[in-house]
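Pasted below: run22.cif, mmCIF, C-alpha atoms.
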data_start
#
loop_
_atom_site.group_PDB
_atom_site.id
_atom_site.type_symbol
_atom_site.label_atom_id
_atom_site.label_comp_id
_atom_site.auth_asym_id
_atom_site.auth_seq_id
_atom_site.Cartn_x
_atom_site.Cartn_y
_atom_site.Cartn_z
ATOM 1 C CA SER A 1 -4.506 8.868 -1.533
ATOM 2 C CA ILE A 2 -3.659 5.422 -2.970
ATOM 3 C CA GLY A 3 -0.254 4.546 -4.409
ATOM 4 C CA TYR A 4 0.629 1.563 -6.559
ATOM 5 C CA CYS A 5 3.967 -0.225 -6.809
ATOM 6 C CA PRO A 6 3.878 -2.787 -9.630
ATOM 7 C CA GLN A 7 6.086 -5.853 -9.743
ATOM 8 C CA HIS A 8 7.572 -4.813 -13.082
ATOM 9 C CA ASP A 9 9.209 -1.415 -13.396
ATOM 10 C CA ILE A 10 7.224 1.318 -15.098
ATOM 11 C CA LEU A 11 9.952 3.927 -14.902
ATOM 12 C CA PHE A 12 10.880 6.297 -17.717
ATOM 13 C CA ASP A 13 14.333 5.213 -18.926
ATOM 14 C CA LEU A 14 15.463 8.697 -19.964
ATOM 15 C CA TYR A 15 14.429 10.466 -16.739
ATOM 16 C CA THR A 16 16.794 10.842 -13.838
ATOM 17 C CA ILE A 17 15.732 9.522 -10.454
ATOM 18 C CA LYS A 18 14.836 13.044 -9.333
ATOM 19 C CA GLU A 19 12.932 13.825 -12.548
ATOM 20 C CA GLN A 20 10.942 10.612 -12.145
ATOM 21 C CA LEU A 21 9.843 11.638 -8.647
ATOM 22 C CA GLU A 22 9.053 15.181 -9.777
ATOM 23 C CA PHE A 23 6.911 13.772 -12.605
ATOM 24 C CA TYR A 24 4.864 11.676 -10.168
ATOM 25 C CA ALA A 25 4.466 14.648 -7.831
ATOM 26 C CA ALA A 26 3.183 16.840 -10.684
ATOM 27 C CA ALA A 27 0.897 14.059 -11.969
ATOM 28 C CA ARG A 28 -0.659 13.722 -8.515
ATOM 29 C CA GLY A 29 -1.386 17.454 -8.333
ATOM 30 C CA PHE A 30 1.632 18.628 -6.337
ATOM 31 C CA GLY A 31 3.321 20.565 -9.164
ATOM 32 C CA THR A 32 4.314 23.555 -7.061
ATOM 33 C CA GLN A 33 5.849 21.289 -4.408
ATOM 34 C CA ARG A 34 7.402 18.724 -6.744
ATOM 35 C CA GLU A 35 11.038 19.560 -5.975
ATOM 36 C CA GLU A 36 10.535 19.432 -2.210
ATOM 37 C CA ILE A 37 8.594 16.182 -2.447
ATOM 38 C CA ALA A 38 11.262 14.637 -4.701
ATOM 39 C CA GLU A 39 14.026 15.578 -2.248
ATOM 40 C CA GLU A 40 12.091 14.099 0.676
ATOM 41 C CA MET A 41 11.439 10.848 -1.200
ATOM 42 C CA LEU A 42 15.116 10.653 -2.204
ATOM 43 C CA ARG A 43 16.062 10.936 1.453
ATOM 44 C CA LEU A 44 13.525 8.355 2.581
ATOM 45 C CA VAL A 45 14.753 5.681 0.147
ATOM 46 C CA ASN A 46 18.423 6.680 0.447
ATOM 47 C CA LEU A 47 18.944 7.666 -3.192
ATOM 48 C CA GLN A 48 20.158 11.256 -2.690
ATOM 49 C CA ALA A 49 23.666 10.523 -3.984
ATOM 50 C CA SER A 50 22.243 8.940 -7.147
ATOM 51 C CA LYS A 51 19.504 11.453 -7.952
ATOM 52 C CA ASN A 52 21.051 12.473 -11.295
ATOM 53 C CA LEU A 53 21.410 8.933 -12.680
ATOM 54 C CA LEU A 54 19.151 7.904 -15.549
ATOM 55 C CA CYS A 55 16.605 5.266 -14.593
ATOM 56 C CA ARG A 56 17.836 2.918 -17.327
ATOM 57 C CA SER A 57 21.235 2.689 -15.599
ATOM 58 C CA LEU A 58 19.897 1.678 -12.170
ATOM 59 C CA SER A 59 20.344 -1.706 -10.545
ATOM 60 C CA GLY A 60 17.273 -3.798 -9.833
ATOM 61 C CA GLY A 61 17.313 -2.848 -6.153
ATOM 62 C CA MET A 62 17.563 0.858 -6.920
ATOM 63 C CA LYS A 63 14.633 0.562 -9.342
ATOM 64 C CA ARG A 64 12.547 -1.119 -6.630
ATOM 65 C CA ARG A 65 13.362 1.650 -4.133
ATOM 66 C CA LEU A 66 12.499 4.308 -6.716
ATOM 67 C CA SER A 67 9.231 2.559 -7.614
ATOM 68 C CA LEU A 68 8.313 2.435 -3.943
ATOM 69 C CA ALA A 69 9.150 6.121 -3.522
ATOM 70 C CA CYS A 70 6.946 6.953 -6.530
ATOM 71 C CA ALA A 71 4.067 5.075 -4.893
ATOM 72 C CA PHE A 72 4.435 7.187 -1.743
ATOM 73 C CA VAL A 73 4.631 10.569 -3.522
ATOM 74 C CA GLY A 74 2.103 13.054 -2.205
ATOM 75 C CA GLU A 75 -0.323 12.331 0.552
ATOM 76 C CA THR A 76 -0.500 8.571 0.030
ATOM 77 C CA LYS A 77 -2.309 6.703 2.772
ATOM 78 C CA ILE A 78 -2.475 3.244 1.161
ATOM 79 C CA VAL A 79 0.074 1.558 -1.102
ATOM 80 C CA LEU A 80 -0.796 -1.496 -3.165
ATOM 81 C CA LEU A 81 2.194 -3.771 -3.761
ATOM 82 C CA ASP A 82 1.961 -6.066 -6.760
ATOM 83 C CA GLU A 83 4.513 -8.712 -5.892
ATOM 84 C CA VAL A 84 4.309 -12.356 -6.862
ATOM 85 C CA GLY A 85 6.149 -14.749 -4.607
ATOM 86 C CA PRO A 86 7.979 -17.941 -5.594
ATOM 87 C CA ARG A 87 5.900 -20.724 -7.113
#

Give the structure from the file, written as structure tokens.
Amino acid sequence: SIGYCPQHDILFDLYTIKEQLEFYAAARGFGTQREEIAEEMLRLVNLQASKNLLCRSLSGGMKRRLSLACAFVGETKIVLLDEVGPR
């Protein structure tokens, strides 16, 4: 029930946005619902039109939105954000 969104991207470069979300859904035990969960997360972070792009080709902002969506996959109740502010 806890998600984690690190400051540095930990996305798989050769996965598409949708595949990345499906992987996280399966890893969190939602394998049979992975496609539905991925579609819902895509909608929530407004990445539906880009779902077939490889993660390595995403802009920094798109990677942040995808990382956040990955943290919320499943029945997440708490999300830890690892962000360091300016020094």

Query raised in the report: Care to translate the PyMOL selection byres ((chain A and resi 36-39) around 10) into actual residues of this file, as a ChimeraX atom specification?
Result: /A:17-26,30-35,40-44,47-48,51,69-70,72-74

**Report entry** Distance criterion (all atoms listed in the file): nearest to Leu14 of chain A out of A:Ala27, A:Cys55, A:Ala49, A:Ile2
**Finding:** A:Cys55

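Evaluated against this file, the PyMOL selection byres ((chain A and resi 62) around 12) yields Asp9, Leu11, Ile17, Leu42, Val45, Asn46, Leu47, Gln48, Ala49, Ser50, Lys51, Leu53, Leu54, Cys55, Arg56, Ser57, Leu58, Ser59, Gly60, Gly61, Lys63, Arg64, Arg65, Leu66, Ser67, Leu68 and Ala69 of chain A.
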
Requested in this report: Point out the residue among A:Thr76, A:Asp82, A:Arg28, A:Asn52 with the least atom-to-atom distance to Pro6 of chain A, counting all atoms listed in the file.
Outcome: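 Comparing A:Thr76, A:Asp82, A:Arg28, A:Asn52 against Pro6 of chain A, the winner is A:Asp82.
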
Query - Separation of atom CA of Gly29 of chain A from atom CA of Asp13 of chain A, in Å and rounded to one decimal - result: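 Taking atom CA of Gly29 of chain A and atom CA of Asp13 of chain A, their separation equals 22.6 Å.
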
Query raised in the report: Can you list what the PyMOL selection byres ((chain A and resi 77) around 8) grabs from this structure, as JSON, numbers by chain?
Result: {"A": [1, 2, 3, 75, 76, 78, 79]}

Using 6 Å of padding on each side, determine the axis-aligned box around all atoms of segment 39-48 of chain A present in the file and give its centre and edge lengths in Å to one decimal, as JSON.
{"center_x": 15.8, "center_y": 10.6, "center_z": -0.3, "size_x": 20.7, "size_y": 21.9, "size_z": 17.8}

As a tab-separated table (two decimals), keeping the file's coordinate frame, the rebuilt segment 8-19 of chain A with all heavy atoms:
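Written output follows (selection.tsv):
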chain	number	residue	atom	x	y	z
A	8	HIS	N	6.67	-5.16	-11.99
A	8	HIS	CA	7.57	-4.81	-13.08
A	8	HIS	C	7.72	-3.29	-13.14
A	8	HIS	O	6.76	-2.56	-12.96
A	8	HIS	CB	7.05	-5.36	-14.40
A	8	HIS	CG	6.88	-6.84	-14.38
A	8	HIS	ND1	7.95	-7.71	-14.41
A	8	HIS	CD2	5.79	-7.62	-14.29
A	8	HIS	CE1	7.52	-8.95	-14.35
A	8	HIS	NE2	6.20	-8.93	-14.27
A	9	ASP	N	8.92	-2.85	-13.39
A	9	ASP	CA	9.21	-1.42	-13.40
A	9	ASP	C	8.44	-0.68	-14.49
A	9	ASP	O	8.36	-1.16	-15.62
A	9	ASP	CB	10.71	-1.18	-13.61
A	9	ASP	CG	11.54	-1.80	-12.52
A	9	ASP	OD1	11.14	-1.69	-11.33
A	9	ASP	OD2	12.58	-2.39	-12.83
A	10	ILE	N	7.89	0.45	-14.12
A	10	ILE	CA	7.22	1.32	-15.10
A	10	ILE	C	7.87	2.70	-15.03
A	10	ILE	O	7.20	3.71	-15.01
A	10	ILE	CB	5.70	1.39	-14.86
A	10	ILE	CG1	5.37	1.81	-13.44
A	10	ILE	CG2	5.03	0.07	-15.21
A	10	ILE	CD1	3.90	2.14	-13.22
A	11	LEU	N	9.18	2.70	-14.99
A	11	LEU	CA	9.95	3.93	-14.90
A	11	LEU	C	10.31	4.42	-16.31
A	11	LEU	O	10.45	3.63	-17.23
A	11	LEU	CB	11.23	3.68	-14.10
A	11	LEU	CG	11.03	3.13	-12.69
A	11	LEU	CD1	12.37	2.75	-12.08
A	11	LEU	CD2	10.29	4.12	-11.82
A	12	PHE	N	10.47	5.71	-16.45
A	12	PHE	CA	10.88	6.30	-17.72
A	12	PHE	C	12.40	6.21	-17.82
A	12	PHE	O	13.12	6.82	-17.03
A	12	PHE	CB	10.42	7.75	-17.81
A	12	PHE	CG	8.93	7.92	-17.78
A	12	PHE	CD1	8.31	8.48	-16.68
A	12	PHE	CD2	8.15	7.50	-18.85
A	12	PHE	CE1	6.93	8.63	-16.64
A	12	PHE	CE2	6.77	7.66	-18.82
A	12	PHE	CZ	6.16	8.22	-17.71
A	13	ASP	N	12.90	5.47	-18.79
A	13	ASP	CA	14.33	5.21	-18.93
A	13	ASP	C	15.18	6.47	-19.04
A	13	ASP	O	16.31	6.51	-18.55
A	13	ASP	CB	14.61	4.34	-20.16
A	13	ASP	CG	14.23	2.89	-19.96
A	13	ASP	OD1	14.05	2.46	-18.80
A	13	ASP	OD2	14.11	2.18	-20.97
A	14	LEU	N	14.66	7.50	-19.70
A	14	LEU	CA	15.46	8.70	-19.96
A	14	LEU	C	15.27	9.80	-18.94
A	14	LEU	O	15.77	10.91	-19.12
A	14	LEU	CB	15.18	9.22	-21.38
A	14	LEU	CG	15.54	8.24	-22.50
A	14	LEU	CD1	15.18	8.81	-23.86
A	14	LEU	CD2	17.01	7.86	-22.44
A	15	TYR	N	14.56	9.52	-17.86
A	15	TYR	CA	14.43	10.47	-16.74
A	15	TYR	C	15.48	10.11	-15.69
A	15	TYR	O	15.81	8.94	-15.52
A	15	TYR	CB	13.06	10.36	-16.08
A	15	TYR	CG	11.94	11.13	-16.74
A	15	TYR	CD1	12.01	11.57	-18.05
A	15	TYR	CD2	10.78	11.40	-16.03
A	15	TYR	CE1	10.97	12.26	-18.63
A	15	TYR	CE2	9.73	12.09	-16.60
A	15	TYR	CZ	9.83	12.52	-17.90
A	15	TYR	OH	8.80	13.20	-18.47
A	16	THR	N	15.94	11.12	-14.99
A	16	THR	CA	16.79	10.84	-13.84
A	16	THR	C	15.89	10.41	-12.69
A	16	THR	O	14.66	10.55	-12.75
A	16	THR	CB	17.60	12.08	-13.41
A	16	THR	OG1	16.68	13.09	-12.95
A	16	THR	CG2	18.46	12.62	-14.54
A	17	ILE	N	16.50	9.93	-11.64
A	17	ILE	CA	15.73	9.52	-10.45
A	17	ILE	C	14.91	10.69	-9.95
A	17	ILE	O	13.72	10.57	-9.68
A	17	ILE	CB	16.67	9.00	-9.35
A	17	ILE	CG1	17.31	7.68	-9.79
A	17	ILE	CG2	15.94	8.83	-8.04
A	17	ILE	CD1	18.36	7.15	-8.84
A	18	LYS	N	15.54	11.86	-9.85
A	18	LYS	CA	14.84	13.04	-9.33
A	18	LYS	C	13.71	13.47	-10.27
A	18	LYS	O	12.61	13.80	-9.83
A	18	LYS	CB	15.81	14.20	-9.11
A	18	LYS	CG	15.15	15.39	-8.47
A	18	LYS	CD	16.12	16.50	-8.17
A	18	LYS	CE	15.37	17.64	-7.53
A	18	LYS	NZ	16.10	18.87	-7.53
A	19	GLU	N	13.97	13.45	-11.58
A	19	GLU	CA	12.93	13.82	-12.55
A	19	GLU	C	11.73	12.88	-12.48
A	19	GLU	O	10.59	13.31	-12.60
A	19	GLU	CB	13.50	13.82	-13.97
A	19	GLU	CG	14.47	14.95	-14.24
A	19	GLU	CD	15.21	14.80	-15.55
A	19	GLU	OE1	15.33	13.67	-16.08
A	19	GLU	OE2	15.69	15.83	-16.06
